[in-house]
>>> print(open('my_file35.cif').read())   # mmCIF, C-alpha atoms
data_structure
loop_
_atom_site.label_atom_id
_atom_site.label_comp_id
_atom_site.auth_asym_id
_atom_site.auth_seq_id
_atom_site.Cartn_x
_atom_site.Cartn_y
_atom_site.Cartn_z
CA MET I 262 10.95 -36.41 -2.61
CA ASN I 263 9.12 -35.31 0.46
CA GLU I 264 10.88 -32.00 0.40
CA LYS I 265 10.02 -31.45 -3.23
CA THR I 266 6.31 -32.04 -2.78
CA ALA I 267 6.33 -29.63 0.12
CA VAL I 268 7.94 -26.98 -2.05
CA THR I 269 5.52 -27.37 -4.93
CA LYS I 270 2.61 -27.43 -2.56
CA GLY I 271 3.84 -24.27 -0.87
CA SER I 272 4.24 -22.32 -4.07
CA HIS I 273 0.87 -23.49 -5.27
CA THR I 274 -0.98 -22.24 -2.23
CA ALA I 275 0.94 -18.98 -2.33
CA ALA I 276 -0.30 -18.31 -5.85
CA GLY I 277 -3.85 -19.30 -5.03
CA GLU I 278 -4.36 -17.26 -1.86
CA ALA I 279 -6.26 -14.02 -2.07
CA ALA I 280 -4.05 -10.93 -2.15
CA LEU I 281 -4.36 -7.18 -2.52
CA ILE I 282 -3.22 -5.53 -5.74
CA PRO I 283 -0.62 -2.88 -4.89
CA PRO I 284 -0.84 0.44 -6.72
CA VAL I 285 2.11 1.07 -9.03
CA ASP I 286 3.71 3.76 -11.16
CA VAL I 287 5.50 2.64 -14.31
CA ILE I 288 7.76 5.08 -16.11
CA GLU I 289 9.75 4.38 -19.22
CA ASP I 290 12.75 6.32 -20.45
CA SER I 291 15.25 5.61 -23.20
CA THR I 292 17.33 3.16 -21.14
CA GLY I 293 14.69 1.17 -19.34
CA ILE I 294 11.61 1.02 -17.18
CA THR I 295 11.24 2.12 -13.56
CA LEU I 296 8.46 0.62 -11.50
CA TYR I 297 7.36 1.90 -8.11
CA ALA I 298 5.01 -0.24 -6.04
CA ASP I 299 3.36 0.63 -2.73
CA LEU I 300 3.81 -2.30 -0.37
CA PRO I 301 3.17 -0.83 3.09
CA GLY I 302 4.06 -3.11 5.96
CA VAL I 303 6.11 -5.53 3.89
CA PRO I 304 9.59 -6.06 5.37
CA LYS I 305 12.52 -6.93 3.13
CA ASP I 306 12.58 -10.60 4.06
CA LYS I 307 8.92 -11.09 3.17
CA LEU I 308 9.19 -9.59 -0.28
CA ASN I 309 9.38 -12.04 -3.13
CA LEU I 310 10.32 -10.93 -6.63
CA GLN I 311 10.33 -13.40 -9.45
CA VAL I 312 11.16 -13.14 -13.10
CA GLU I 313 10.11 -16.19 -15.03
CA ALA I 314 10.19 -16.29 -18.80
CA ASP I 315 8.56 -12.96 -19.59
CA SER I 316 6.53 -12.43 -16.45
CA LEU I 317 7.48 -10.44 -13.39
CA THR I 318 5.78 -11.32 -10.11
CA ILE I 319 5.82 -9.02 -7.11
CA GLU I 320 4.64 -10.65 -3.92
CA GLY I 321 4.90 -9.50 -0.37
CA GLU I 322 3.51 -10.37 3.00
CA VAL I 323 2.55 -7.74 5.52
CA GLY I 324 4.35 -8.14 8.83
CA LEU I 325 2.85 -5.80 11.40
CA THR I 326 3.59 -5.88 15.07
CA ILE I 327 0.20 -6.45 16.58
CA PRO I 328 -0.30 -6.44 20.34
CA GLU I 329 -1.65 -9.61 21.81
CA GLY I 330 -5.38 -9.94 21.98
CA MET I 331 -6.09 -7.05 19.61
CA GLU I 332 -9.47 -7.07 17.96
CA ALA I 333 -9.75 -5.23 14.66
CA SER I 334 -12.67 -2.84 14.52
CA HIS I 335 -12.02 -1.25 11.14
CA ALA I 336 -9.81 -2.60 8.36
CA GLU I 337 -9.16 -1.03 5.00
CA VAL I 338 -6.13 -3.19 4.34
CA SER I 339 -8.14 -6.36 4.64
CA LEU I 340 -5.60 -8.98 3.56
CA PRO I 341 -2.05 -9.45 4.78
CA ARG I 342 -0.65 -10.03 1.31
CA PHE I 343 0.12 -8.14 -1.89
CA ARG I 344 0.57 -9.65 -5.31
CA ARG I 345 0.81 -8.35 -8.84
CA VAL I 346 2.07 -9.88 -12.06
CA PHE I 347 3.37 -8.00 -15.08
CA THR I 348 4.28 -9.25 -18.51
CA LEU I 349 7.66 -7.99 -19.65
CA SER I 350 8.32 -7.22 -23.26
CA LYS I 351 11.27 -8.82 -24.95
CA GLU I 352 13.48 -5.75 -25.31
CA LEU I 353 13.83 -5.66 -21.52
CA ASP I 354 16.71 -7.43 -19.87
CA PRO I 355 15.35 -9.51 -16.95
CA ALA I 356 18.86 -10.52 -15.88
CA LYS I 357 19.72 -6.93 -14.95
CA VAL I 358 16.73 -6.04 -12.80
CA SER I 359 17.67 -4.12 -9.70
CA ALA I 360 15.35 -3.67 -6.75
CA GLU I 361 15.21 -1.53 -3.65
CA LEU I 362 12.66 -1.59 -0.85
CA LYS I 363 12.48 1.51 1.28
CA GLN I 364 9.74 2.35 3.78
CA GLY I 365 7.22 0.14 2.01
CA VAL I 366 7.96 1.38 -1.50
CA LEU I 367 9.56 -1.01 -3.95
CA THR I 368 11.60 0.56 -6.73
CA LEU I 369 12.41 -1.75 -9.62
CA ARG I 370 14.67 -0.77 -12.44
CA ILE I 371 14.48 -2.95 -15.53
CA PRO I 372 17.03 -1.86 -18.13
CA LYS I 373 16.53 -2.44 -21.81
CA ALA I 374 18.83 -4.92 -23.47
CA GLU I 375 21.87 -3.31 -25.12
CA HIS I 376 20.67 -4.04 -28.60
CA ALA I 377 17.25 -2.57 -27.88
CA GLN I 378 18.49 0.82 -26.70
CA PRO I 379 17.84 3.64 -29.10
CA ARG I 380 20.69 4.61 -31.34
CA ARG I 381 21.11 6.83 -34.24
CA ILE I 382 21.18 4.97 -37.48
CA GLU I 383 23.66 6.27 -39.98
CA ILE I 384 22.53 6.58 -43.51
CA LYS I 385 25.10 5.76 -46.07
CA VAL I 386 25.05 7.59 -49.32
CA ASP I 387 26.86 5.98 -52.17
CA MET P 251 -21.44 7.45 -29.23
CA TYR P 252 -18.14 6.82 -27.52
CA ARG P 253 -19.86 5.60 -24.39
CA SER P 254 -21.46 2.81 -26.30
CA LEU P 255 -18.32 1.96 -28.23
CA PHE P 256 -15.97 2.00 -25.29
CA SER P 257 -17.81 0.97 -22.20
CA ARG P 258 -16.44 2.57 -19.09
CA ASP P 259 -13.92 0.83 -16.93
CA VAL P 260 -15.76 -2.08 -15.38
CA PHE P 261 -13.75 -1.99 -12.19
CA ALA P 262 -14.29 1.72 -11.67
CA GLU P 263 -18.01 1.11 -12.14
CA LEU P 264 -18.01 -1.73 -9.63
CA ASP P 265 -16.11 0.43 -7.19
CA ARG P 266 -18.64 3.23 -7.55
CA LEU P 267 -21.49 0.79 -7.15
CA GLN P 268 -19.97 -0.62 -4.01
CA ARG P 269 -19.51 2.87 -2.58
CA GLU P 270 -23.09 3.78 -3.31
CA MET P 271 -24.35 0.60 -1.70
CA GLN P 272 -22.27 1.34 1.35
CA GLN P 273 -23.64 4.85 1.58
CA ALA P 274 -27.18 3.62 1.13
CA PHE P 275 -26.83 1.21 4.04
CA ASP P 276 -24.94 3.59 6.29
CA LEU P 277 -27.89 5.45 7.72
CA SER P 278 -25.96 7.89 9.86
CA PRO P 279 -22.77 8.83 8.04
CA SER P 280 -20.12 10.70 9.95
CA ILE P 281 -20.01 14.47 9.50
CA ARG P 282 -16.45 14.08 8.26
CA GLY P 283 -17.56 11.99 5.32
CA PHE P 284 -17.48 8.37 4.47
CA GLY P 285 -14.57 6.86 6.21
CA ARG P 286 -13.20 4.60 3.53
CA GLY P 287 -11.05 4.89 0.50
CA GLY P 288 -8.66 7.70 1.38
CA PHE P 289 -4.94 7.87 1.73
CA PRO P 290 -3.47 6.54 3.91
CA ALA P 291 -5.55 3.40 4.36
CA LEU P 292 -6.33 2.88 8.04
CA ASN P 293 -6.72 -0.21 10.17
CA VAL P 294 -7.98 0.29 13.68
CA GLY P 295 -8.06 -2.20 16.48
CA GLY P 296 -8.26 -2.30 20.22
CA THR P 297 -7.21 -4.24 23.25
CA PRO P 298 -8.56 -3.73 26.77
CA GLN P 299 -5.51 -1.54 27.51
CA SER P 300 -5.05 0.39 24.28
CA VAL P 301 -6.33 1.56 20.92
CA GLU P 302 -4.09 0.72 17.98
CA ILE P 303 -4.15 2.62 14.69
CA TYR P 304 -2.20 1.55 11.63
CA ALA P 305 -1.87 4.07 8.80
CA PHE P 306 -0.53 2.55 5.58
CA ALA P 307 1.50 5.46 4.21
CA PRO P 308 4.48 4.01 2.35
CA GLY P 309 7.42 6.00 1.09
CA MET P 310 7.15 8.91 3.50
CA ASP P 311 9.80 10.87 5.23
CA PRO P 312 8.76 10.56 8.91
CA ALA P 313 9.43 14.30 9.28
CA ALA P 314 6.73 14.98 6.67
CA LEU P 315 4.11 13.10 8.70
CA ASP P 316 2.01 14.99 11.17
CA VAL P 317 0.01 13.37 13.94
CA ASN P 318 -2.22 15.58 16.05
CA LEU P 319 -4.51 14.77 18.89
CA ASP P 320 -7.06 17.39 19.74
CA ARG P 321 -10.14 16.88 21.92
CA GLY P 322 -10.49 13.21 21.18
CA VAL P 323 -9.88 13.57 17.44
CA LEU P 324 -6.71 12.16 15.94
CA THR P 325 -5.54 13.70 12.67
CA ILE P 326 -2.89 12.15 10.45
CA SER P 327 -1.71 14.49 7.74
CA GLY P 328 1.24 15.10 5.48
CA GLU P 329 2.36 15.29 1.94
CA ARG P 330 3.62 12.56 -0.32
CA LYS P 331 5.90 13.53 -3.17
CA ALA P 332 5.17 12.23 -6.64
CA SER P 333 7.63 9.86 -8.24
CA LEU P 334 6.51 10.81 -11.72
CA PRO P 335 8.92 12.76 -13.93
CA GLY P 336 8.37 16.42 -14.72
CA PRO P 337 6.60 17.48 -17.91
CA ASP P 338 9.83 18.17 -19.76
CA ALA P 339 11.56 14.89 -18.86
CA LYS P 340 12.08 12.46 -21.71
CA ALA P 341 10.04 9.71 -20.15
CA THR P 342 6.69 8.08 -20.71
CA VAL P 343 4.32 7.32 -17.85
CA HIS P 344 2.57 4.04 -18.55
CA ILE P 345 0.81 3.49 -15.23
CA SER P 346 0.14 6.07 -12.55
CA GLU P 347 -1.86 4.71 -9.64
CA ARG P 348 0.06 5.74 -6.55
CA PHE P 349 -1.23 8.58 -4.44
CA SER P 350 0.65 11.86 -4.35
CA GLY P 351 -0.05 15.22 -2.81
CA ARG P 352 -1.36 16.42 0.51
CA PHE P 353 -3.53 14.19 2.64
CA SER P 354 -5.33 14.26 5.92
CA ARG P 355 -7.32 11.60 7.70
CA VAL P 356 -9.24 11.85 10.91
CA VAL P 357 -10.14 9.25 13.51
CA SER P 358 -12.43 10.07 16.39
CA LEU P 359 -11.24 8.22 19.45
CA PRO P 360 -13.15 6.57 22.26
CA ASP P 361 -13.57 8.64 25.42
CA ASP P 362 -11.37 6.47 27.60
CA VAL P 363 -8.15 7.20 25.71
CA ASP P 364 -5.43 8.94 27.67
CA PRO P 365 -4.12 11.83 25.51
CA ASN P 366 -0.84 11.82 27.40
CA ALA P 367 0.05 8.21 26.68
CA VAL P 368 0.39 8.12 22.91
CA SER P 369 3.25 6.59 20.99
CA ALA P 370 3.84 6.59 17.24
CA ALA P 371 6.34 4.64 15.17
CA TYR P 372 6.94 4.51 11.44
CA ARG P 373 8.26 1.25 10.03
CA ASP P 374 8.16 -0.32 6.56
CA GLY P 375 5.83 2.42 5.43
CA VAL P 376 3.27 1.88 8.18
CA LEU P 377 2.62 4.45 10.86
CA HIS P 378 1.57 2.67 14.04
CA ILE P 379 -0.06 4.82 16.66
CA SER P 380 -0.74 3.28 20.03
CA LEU P 381 -2.99 5.07 22.49
CA LYS P 382 -3.31 3.81 26.04
CA ARG P 383 -6.69 3.70 27.68
CA ARG P 384 -7.05 5.36 31.06
CA GLU P 385 -6.32 3.18 34.06
CA SER P 386 -9.67 3.99 35.58
CA ALA P 387 -11.51 2.79 32.49
CA GLN P 388 -9.82 -0.58 32.32
CA PRO P 389 -11.73 -3.67 33.31
CA ARG P 390 -11.01 -4.77 36.84
CA ARG P 391 -11.92 -7.72 38.87
CA ILE P 392 -13.55 -6.58 42.04
CA ALA P 393 -12.78 -8.62 45.09
CA ILE P 394 -15.71 -9.55 47.27
CA GLU P 395 -14.99 -9.22 50.92
#
>>> encode(input="my_file35.cif", output="structure tokens")
Amino acid sequence: MNEKTAVTKGSHTAAGEAALIPPVDVIEDSTGITLYADLPGVPKDKLNLQVEADSLTIEGEVGLTIPEGMEASHAEVSLPRFRRVFTLSKELDPAKVSAELKQGVLTLRIPKAEHAQPRRIEIKVD
Amino acid sequence: MYRSLFSRDVFAELDRLQREMQQAFDLSPSIRGFGRGGFPALNVGGTPQSVEIYAFAPGMDPAALDVNLDRGVLTISGERKASLPGPDAKATVHISERFSGRFSRVVSLPDDVDPNAVSAAYRDGVLHISLKRRESAQPRRIAIE
């Protein structure tokens, strides 16, 4: 019980906290969609990807090594968190999403469901 | 006619407005332009012993990043390759927001930085440059005899 309330509380605050919107590229080809997101400073263990119903949530926390006692004098990345939510369309297959995080760039590949892939339709002539 | 039918992107307008406000209040802008809004984004901080610069440049090959220190001016430059497909690829680009191309950003450093004690590391897409301040410039407690 206690544990459960803690979990719900945690996820609630995570969704409510202010976050930066990462820039993305979204490219679609015949077999699926590729998404690239810039998440500088986010290590693998602080990246959270979630597919729920038809929404995809990308969330990451910036983990920089900051020397003790540092005072920021100029900050363009003003929040230590990124978040962005996308709505997936139903021809995409959320079960087959693959993700890779490399030097702060997340690459997501969301394939289209088998039945939704383009195919040539044969025309029968009687 | 189209302007009135399709009002311009509200966020772009707000962004422009914010920039103009900033410029209006910044009475003595730097000769190298208004510092904000370029690629890579920069965070700068300092401790009594060092100056720390964080350049948020994700997805780079460290070999394609150039850091130069010349007469108290630090330049971070390089080129970021586009991830977008070529014009003849059978793909549709739906969103294209990420920066690509050549970039260069400049930071003018405080006078007490030691140009021989600079270290740079690239991790998780962030270039962290640490510059030590000169020993002589560091705060010291002076003993009274």
>>> residues_around(input="my_file35.cif", residues="Ala305 of chain P", least_positions_apart="3", cutoff="6 Å", atoms="only C-alpha atoms", output="JSON list (two decimals) with C-alpha atoms, keeping the file's coordinate frame")
[["chain", "number", "residue", "atom", "x", "y", "z"],
["P", 290, "PRO", "CA", -3.47, 6.54, 3.91],
["P", 291, "ALA", "CA", -5.55, 3.40, 4.36],
["P", 292, "LEU", "CA", -6.33, 2.88, 8.04],
["P", 376, "VAL", "CA", 3.27, 1.88, 8.18],
["P", 377, "LEU", "CA", 2.62, 4.45, 10.86]]
>>> interface_residues(input="my_file35.cif", of="chain I", to="chain P", cutoff="8 Å", atoms="only C-alpha atoms", output="ChimeraX atom specification")
/I:284-291,297-304,328-338,363-366
>>> resolve_selection(input="my_file35.cif", expression="the PyMOL selection byres ((chain I and resi 311-319) around 9)", output="ChimeraX atom specification")
/I:298,308-310,320-321,343-351,355-356
>>> closest_residue(input="my_file35.cif", among="I:Ile371, I:Ala280, I:Leu325, I:Leu362", to="Ile294 of chain I", atoms="all atoms listed in the file")
I:Ile371
>>> atom_distance(input="my_file35.cif", atom1="atom CA of Ala360 of chain I", atom2="atom CA of Lys373 of chain I")
15.2 Å
